[in-house]
Amino acid sequence: MKRPQYWRSACAIAVTIALTPHAYAADTDDEQKVERIEVTGSRIKRTDIEGPSPIQSISKDDIANMGFDNLQQLLEKMPANGAGAFSTRGNSQDSTANGGASISLRGLGPDATLVLINGRRVGTSAFAEGITNSFVDINNIPVSAIERIDILKDGASAIYGSDAIAGVVNIVLKKDIEGIEVNLGYGDASGSGYDETTASLVWGVKSDKGSASIILDYFKNNTLAASEMGRFGTANQSPYGGEDFRSSRGFPGYFYVDGVKTIDPDCPPENATASGSCLFDYGPYNLTIPAAERVGAIGQFDYHFNDELSAFLEVSVQHNTSEAGGAPTPLDEDAGLTVPGSHPNNPWGKDIEIGRYRTVDAGARRWDIESDSMRLVAGLRGAINEWDWEVSAQKGRSESTQSGDRTQGWVRTDYMQAEIDAGNYNPFGGTTNPQDVIDRITTSLVRQGVSNITSYDASITGQAFTIGDRDIMMAAGAEYREEDVSDIPDEQFQRGLIFGTEAVSAAAARDQYAAYVEFSIPMTDNFELQLAGRYDHYSDFGSTTNPKIAFLWGMTDALTARGSWSTGFRAPSLAQIGLGPSRESTFFIDTYRCAADGVDCTALDYNTEFAGNAGLDAEESETWNLGMIWAPSQQFDIGFDVYSITQDNKIDKQPLGDIYTANCDNQNSTVCERLAPQTGQALGPISVIHSSFINLSSQEVQGVDLSAHYGLELDSFGDIKFGLEYSYLHSFEKDNMDYTGEYKFPQHRWLATTNWQKDNFAANVNFSYIGEFEDTPDIDFDGVLDFEDNQSRMVESQLLVDMSGSYRFNDTFKLTLGVNNVFDTDPSFAIGDGDSDLYGYVISVHNPMGRYIYTKLSMNF
């Protein structure tokens, strides 16, 4: 008999949930209470912490041993993190979420990794990264507030819905605190002038009627300027074996005299190119690590009305300030600036046009960034006839403002034209103009972004029924969520008066509802089957149903096998749907113009303008995982997992090379817009290339994870613990191209930790390794990725060593001293990709900061 559609949907939903920790409860039998906890990987509360899904759990002690006060720095050390992650390091472009940071499990991108706090989804950053990459800013989560971090390395859309294609990072906050803990810290990167200051206060109280805890956190770092980085702070890497990525927008620049491109006579010979550009090194003006200051508070409260009913409240607020910076305003032909022949400094004495020129005398461009985030969760939980239930409501808001004033290098082209026409501003000879003239060509501007999330959920978990003598456990629930995002650039951008800044605009909203169910079925005494399913409906692109099936098999007392299969999805981000005209720049060679006219034969920076695509389909995925754990004793365990994730309809930028090849050999193209050609030439300079975001064919990643732990009790010599997390990338294919071992995709990453403790002494030595990978994905910088056809040099592997030691003087005071990057190892040299990596290393993979020495004082009362 054919079952109706609702029955098929219910059966699919009856296959969902494998992931989320936070609440603690207890089941009562006739004699004692057996604690059941909700473990990341399942919504069913269980008495054991090992479930069918692979999870790396990082405790608060592990976090302290790593020595980082910034969640970004901690998570980028994890081998499961990969390409697509970004941080505040080098993050100073206007197309990015300045001051923010993300994690990208399996290298599938931040939008494929779901970040939770206490098992609940949180709002995304107000500013997207890379124009449309929505993400949760992990820098909004203070390290001092974290009890543990669970990294679920398995697809989880059947549990949590959208964005969990590559896995989940669940931040579990400290609670059930008694007393007061104060932490103070200071660290310095030797020789660079960079330092960090931290402070936190943790307070908590408990009673029979409930508990309360408040965590206050403060973090501040100063600027690590590119001008202090030596060889890693210049865009001209040719002396070191790299490319010269200096900008063609120079100081001085070039002009069009009688329609002919003419370089400024005062351009230094070493900066002049054969095509008539005067190069400018923008590198020293950037901020390798921008200054930042963060202050936040988290409160968690529980109140027990009776044994069956409790109320809970979570409140968090965070205020962040940061800065972003770039070189002085770069102008090009699109600005339409001219110089009259009557200008007192015009060396040609006739009307001319300004080509590419940079207002160095107005100073470097700087943004001041303020971000405020708020999160409020309130709910009730209780028990009825051995069923635990919970209802809650959540409100989250993230608001960010970027502002720049007249002293921060923001030049308006109409103001500048007026001063040129009046003979006041001199654009020739690399002249530094008077300050009163600079004041008249500069302006103030602001960019504002807001992201909101409102959600409601209800869930139950407990024993559904008994088959034979085996209890079938179940969890089920329903959710409703509303989201919106708005990113509004200054109206001066929209009027085309500000140049060289990659302005972004976006506005979109959606609502979504979902239902899920999960079963834990003990098929035998040592074999557990997990079935889960989830149905989601989105107001803007429709519905999806995703199942999951997993097992945990205790083959012997020491050997356990586990496996899972699931499907997943990711709804197009609000930024991808609601994107307005937004620009970014990339270095490549205009090969068509070079071939036709013999000019622009070096890599120059060109603008690409993106627009949103309301017709995007959701990304879909299929994930499987197989693994084994051998734990012959409490002191030793080793486990491995083989995984595969296939992602269809991957949303990404249209490949720039494809757009260029198809459109840029046509002077009249409306996709690849060119300026008018000079006399005797067939093609004019590229003005702007129009692009959008599309659903590519697919991407697939396969690999192996290895985890091991070993403890030694040495009696009078103390205790030693060893740990290893290793990730091997077997294959990464995207849009029919194999990225395995290519740029930003090393095949080997591992983290080895050691901890020794004796009485009041403790010491740690950690080793983090990133394997080699091939350099330069576009080896001839023509805009077309060609790494499959060409062999580039290799970016060398890197091994960093971190050390720390601590001594507890008494119950109150503990002092820690540590050194990260003990041997002051430089980042591995890379020619770069002509996009974000222009300074001799891969910004998202290697940290150029060098040796960092820190001390911390902890006090308990």
# chains A, B, ... in the order shown; residues from 1 in each chain; ligands from 1
>>> residues_around(residues="Ser322 in chain A", least_positions_apart="3", cutoff="7 Å", atoms="only C-alpha atoms", output="list in words")
Gly99, Pro290, Ala291, Ala292, Glu293, Asp368, Ile369 and Glu370 of chain A
>>> write_last_selection(atoms="C-alpha atoms", output="compact mmCIF listing (two decimals), in the first residue's frame")
# COMPACT_ATOMS: atom_id res chain seq x y z
CA GLY A 99 37.94 42.36 13.38
CA PRO A 290 45.01 45.36 13.90
CA ALA A 291 44.56 46.81 17.36
CA ALA A 292 41.52 45.44 19.15
CA GLU A 293 39.78 45.79 22.49
CA ASP A 368 37.42 52.51 13.24
CA ILE A 369 35.18 49.52 13.94
CA GLU A 370 32.71 49.08 16.79
>>> select_by_dssp(residues="range 507-652 of chain A", states="strand (DSSP E)", output="number ranges by chain")
A: 507-524, 527-538, 542-554, 559-570, 582-588, 604-611, 619-633, 636-648, 651-652
>>> closest_residue(among="A:Ser227, A:Asn170, A:Asn320, A:Thr544", to="Ala571 in chain A", atoms="only C-alpha atoms")
A:Thr544
>>> residues_around(residues="Trp630 in chain A", least_positions_apart="6", cutoff="9 Å", atoms="only C-alpha atoms", output="list in words")
Ala558, Leu559, Thr560, Ala561, Phe636, Asp637, Ile638 and Gly639 of chain A
>>> closest_residue(among="A:Ile629, A:Leu729, A:Leu529, A:Leu724", to="Asn755 in chain A", atoms="only C-alpha atoms")
A:Leu724
>>> atom_distance(atom1="CA of Tyr854 in chain A", atom2="CA of Asp188 in chain A")
6.3 Å
>>> atom_distance(atom1="CA of Ser247 in chain A", atom2="CA of Ile686 in chain A")
14.9 Å
>>> closest_residue(among="A:Thr545, A:Ser373, A:Ser392, A:Asn118", to="Gly161 in chain A", atoms="only C-alpha atoms")
A:Thr545
>>> residues_around(residues="Gly336 in chain A", least_positions_apart="5", cutoff="9 Å", atoms="only C-alpha atoms", output="list in words")
Glu353, Ile354, Gly355 and Thr413 of chain A
>>> closest_residue(among="A:Met416, A:Gly82, A:Arg294, A:Cys267", to="Val143 in chain A", atoms="only C-alpha atoms")
A:Arg294
>>> residues_around(residues="range 419-429 of chain A", least_positions_apart="6", cutoff="8 Å", atoms="only C-alpha atoms", output="NGL selection string")
:A and (251-253 or 264-267 or 339-340 or 343-346 or 437 or 440-441)
>>> write_last_selection(atoms="N, CA and C atoms", output="short mmCIF file (atom, residue, chain, number, x, y, z; two decimals), in the first residue's frame")
data_model
loop_
_atom_site.label_atom_id
_atom_site.label_comp_id
_atom_site.auth_asym_id
_atom_site.auth_seq_id
_atom_site.Cartn_x
_atom_site.Cartn_y
_atom_site.Cartn_z
N PHE A 251 52.25 56.83 -6.96
CA PHE A 251 52.50 58.17 -6.44
C PHE A 251 53.96 58.50 -6.73
N PRO A 252 54.25 59.22 -7.83
CA PRO A 252 53.30 59.79 -8.79
C PRO A 252 52.66 58.71 -9.66
N GLY A 253 51.72 59.16 -10.55
CA GLY A 253 50.98 58.22 -11.37
C GLY A 253 51.25 58.40 -12.84
N ASP A 264 54.21 59.96 -15.34
CA ASP A 264 54.71 61.18 -14.72
C ASP A 264 56.23 61.22 -14.86
N PRO A 265 56.77 62.32 -15.35
CA PRO A 265 58.22 62.39 -15.56
C PRO A 265 59.03 62.16 -14.30
N ASP A 266 58.43 62.39 -13.12
CA ASP A 266 59.17 62.24 -11.88
C ASP A 266 59.03 60.85 -11.26
N CYS A 267 58.42 59.91 -11.99
CA CYS A 267 58.34 58.54 -11.46
C CYS A 267 59.74 57.96 -11.35
N VAL A 339 42.93 67.49 -15.42
CA VAL A 339 43.74 68.64 -15.02
C VAL A 339 43.71 69.65 -16.17
N PRO A 340 43.23 70.87 -15.93
CA PRO A 340 43.19 71.86 -17.01
C PRO A 340 44.60 72.30 -17.41
N HIS A 343 46.45 74.79 -15.16
CA HIS A 343 46.93 74.44 -13.82
C HIS A 343 48.40 74.85 -13.70
N PRO A 344 48.77 75.52 -12.61
CA PRO A 344 50.14 76.05 -12.50
C PRO A 344 51.22 74.98 -12.51
N ASN A 345 50.87 73.73 -12.19
CA ASN A 345 51.88 72.68 -12.13
C ASN A 345 51.81 71.72 -13.32
N ASN A 346 50.90 71.98 -14.26
CA ASN A 346 50.73 71.08 -15.40
C ASN A 346 51.94 71.19 -16.34
N VAL A 437 44.66 72.08 1.99
CA VAL A 437 44.11 71.52 0.76
C VAL A 437 43.63 70.09 1.00
N ARG A 440 40.33 69.86 2.48
CA ARG A 440 39.21 70.18 1.61
C ARG A 440 38.88 69.06 0.62
N ILE A 441 39.76 68.05 0.48
CA ILE A 441 39.45 66.94 -0.43
C ILE A 441 39.04 65.67 0.30
#
>>> atom_distance(atom1="CA of Phe551 in chain A", atom2="CA of Arg43 in chain A")
15.2 Å
>>> closest_residue(among="A:Ile779, A:Val642, A:Leu279, A:Ala126", to="Gln448 in chain A", atoms="only C-alpha atoms")
A:Ala126
>>> residues_around(residues="range 648-662 of chain A", least_positions_apart="3", cutoff="7 Å", atoms="only C-alpha atoms", output="ChimeraX atom specification")
/A:617-621,691-699,783-784
>>> closest_residue(among="A:Lys350, A:Arg470, A:His304, A:His537", to="Phe255 in chain A", atoms="only C-alpha atoms")
A:Lys350
>>> residues_around(residues="range 665-673 of chain A", least_positions_apart="6", cutoff="12 Å", atoms="only C-alpha atoms", output="ChimeraX atom specification")
/A:334,590-597,606-610,656-659,681-692
>>> select_by_dssp(residues="range 371-618 of chain A", states="alpha helix (DSSP H)", output="PyMOL selection string")
chain A and resi 413-421+435-441+491-494+574-578+591-597
>>> write_last_selection(atoms="N, CA and C atoms", output="mmCIF file, in the first residue's frame")
data_model
loop_
_atom_site.group_PDB
_atom_site.id
_atom_site.type_symbol
_atom_site.label_atom_id
_atom_site.label_comp_id
_atom_site.auth_asym_id
_atom_site.auth_seq_id
_atom_site.Cartn_x
_atom_site.Cartn_y
_atom_site.Cartn_z
ATOM 1 N N THR A 413 36.234 62.313 -4.767
ATOM 2 C CA THR A 413 36.740 62.719 -6.080
ATOM 3 C C THR A 413 36.182 64.068 -6.525
ATOM 4 N N ASP A 414 34.925 64.391 -6.158
ATOM 5 C CA ASP A 414 34.407 65.701 -6.587
ATOM 6 C C ASP A 414 35.096 66.835 -5.842
ATOM 7 N N TYR A 415 35.404 66.624 -4.555
ATOM 8 C CA TYR A 415 36.163 67.633 -3.820
ATOM 9 C C TYR A 415 37.559 67.807 -4.422
ATOM 10 N N MET A 416 38.163 66.658 -4.780
ATOM 11 C CA MET A 416 39.518 66.709 -5.334
ATOM 12 C C MET A 416 39.510 67.413 -6.688
ATOM 13 N N GLN A 417 38.515 67.151 -7.526
ATOM 14 C CA GLN A 417 38.435 67.803 -8.823
ATOM 15 C C GLN A 417 38.307 69.315 -8.665
ATOM 16 N N ALA A 418 37.513 69.740 -7.692
ATOM 17 C CA ALA A 418 37.339 71.180 -7.461
ATOM 18 C C ALA A 418 38.661 71.832 -7.072
ATOM 19 N N GLU A 419 39.445 71.159 -6.227
ATOM 20 C CA GLU A 419 40.727 71.719 -5.808
ATOM 21 C C GLU A 419 41.752 71.698 -6.948
ATOM 22 N N ILE A 420 41.663 70.689 -7.832
ATOM 23 C CA ILE A 420 42.552 70.678 -9.001
ATOM 24 C C ILE A 420 42.179 71.827 -9.946
ATOM 25 N N ASP A 421 40.879 71.993 -10.189
ATOM 26 C CA ASP A 421 40.426 73.058 -11.093
ATOM 27 C C ASP A 421 40.832 74.440 -10.583
ATOM 28 N N GLN A 435 48.278 70.953 4.098
ATOM 29 C CA GLN A 435 47.259 70.315 4.902
ATOM 30 C C GLN A 435 45.882 70.939 4.694
ATOM 31 N N ASP A 436 45.824 72.267 4.495
ATOM 32 C CA ASP A 436 44.513 72.885 4.304
ATOM 33 C C ASP A 436 43.864 72.406 3.013
ATOM 34 N N VAL A 437 44.657 72.084 1.993
ATOM 35 C CA VAL A 437 44.109 71.519 0.760
ATOM 36 C C VAL A 437 43.626 70.094 1.005
ATOM 37 N N ILE A 438 44.425 69.320 1.735
ATOM 38 C CA ILE A 438 44.030 67.943 2.070
ATOM 39 C C ILE A 438 42.706 67.953 2.836
ATOM 40 N N ASP A 439 42.553 68.879 3.763
ATOM 41 C CA ASP A 439 41.309 68.967 4.538
ATOM 42 C C ASP A 439 40.106 69.212 3.634
ATOM 43 N N ARG A 440 40.332 69.860 2.485
ATOM 44 C CA ARG A 440 39.211 70.181 1.606
ATOM 45 C C ARG A 440 38.877 69.060 0.623
ATOM 46 N N ILE A 441 39.759 68.047 0.482
ATOM 47 C CA ILE A 441 39.448 66.939 -0.434
ATOM 48 C C ILE A 441 39.040 65.674 0.304
ATOM 49 N N GLU A 491 26.568 56.446 1.749
ATOM 50 C CA GLU A 491 25.946 56.856 0.489
ATOM 51 C C GLU A 491 26.966 57.459 -0.478
ATOM 52 N N GLN A 492 28.106 57.918 0.022
ATOM 53 C CA GLN A 492 29.135 58.446 -0.873
ATOM 54 C C GLN A 492 29.730 57.344 -1.753
ATOM 55 N N PHE A 493 29.743 56.081 -1.230
ATOM 56 C CA PHE A 493 30.138 54.955 -2.067
ATOM 57 C C PHE A 493 29.127 54.757 -3.184
ATOM 58 N N GLN A 494 27.855 54.786 -2.809
ATOM 59 C CA GLN A 494 26.799 54.518 -3.771
ATOM 60 C C GLN A 494 26.749 55.581 -4.863
ATOM 61 N N LEU A 574 21.940 34.901 3.745
ATOM 62 C CA LEU A 574 21.185 36.113 3.461
ATOM 63 C C LEU A 574 22.026 37.098 2.668
ATOM 64 N N ALA A 575 23.336 37.114 2.925
ATOM 65 C CA ALA A 575 24.214 38.013 2.171
ATOM 66 C C ALA A 575 24.291 37.601 0.708
ATOM 67 N N GLN A 576 24.289 36.284 0.428
ATOM 68 C CA GLN A 576 24.355 35.829 -0.959
ATOM 69 C C GLN A 576 23.076 36.153 -1.715
ATOM 70 N N ILE A 577 21.942 36.088 -1.026
ATOM 71 C CA ILE A 577 20.670 36.389 -1.683
ATOM 72 C C ILE A 577 20.474 37.892 -1.838
ATOM 73 N N GLY A 578 20.790 38.649 -0.786
ATOM 74 C CA GLY A 578 20.464 40.070 -0.772
ATOM 75 C C GLY A 578 21.616 40.992 -1.074
ATOM 76 N N THR A 591 45.618 39.338 -20.534
ATOM 77 C CA THR A 591 46.300 38.669 -21.646
ATOM 78 C C THR A 591 45.740 39.091 -23.004
ATOM 79 N N TYR A 592 44.449 39.371 -23.056
ATOM 80 C CA TYR A 592 43.882 39.805 -24.343
ATOM 81 C C TYR A 592 44.492 41.136 -24.784
ATOM 82 N N ARG A 593 44.583 42.083 -23.872
ATOM 83 C CA ARG A 593 45.132 43.394 -24.240
ATOM 84 C C ARG A 593 46.637 43.280 -24.511
ATOM 85 N N CYS A 594 47.281 42.421 -23.746
ATOM 86 C CA CYS A 594 48.717 42.227 -23.966
ATOM 87 C C CYS A 594 48.974 41.686 -25.376
ATOM 88 N N ALA A 595 48.139 40.687 -25.785
ATOM 89 C CA ALA A 595 48.326 40.087 -27.110
ATOM 90 C C ALA A 595 47.944 41.059 -28.225
ATOM 91 N N ALA A 596 46.889 41.854 -27.985
ATOM 92 C CA ALA A 596 46.391 42.735 -29.046
ATOM 93 C C ALA A 596 47.234 43.986 -29.196
ATOM 94 N N ASP A 597 47.680 44.551 -28.073
ATOM 95 C CA ASP A 597 48.310 45.871 -28.125
ATOM 96 C C ASP A 597 49.696 45.915 -27.504
#
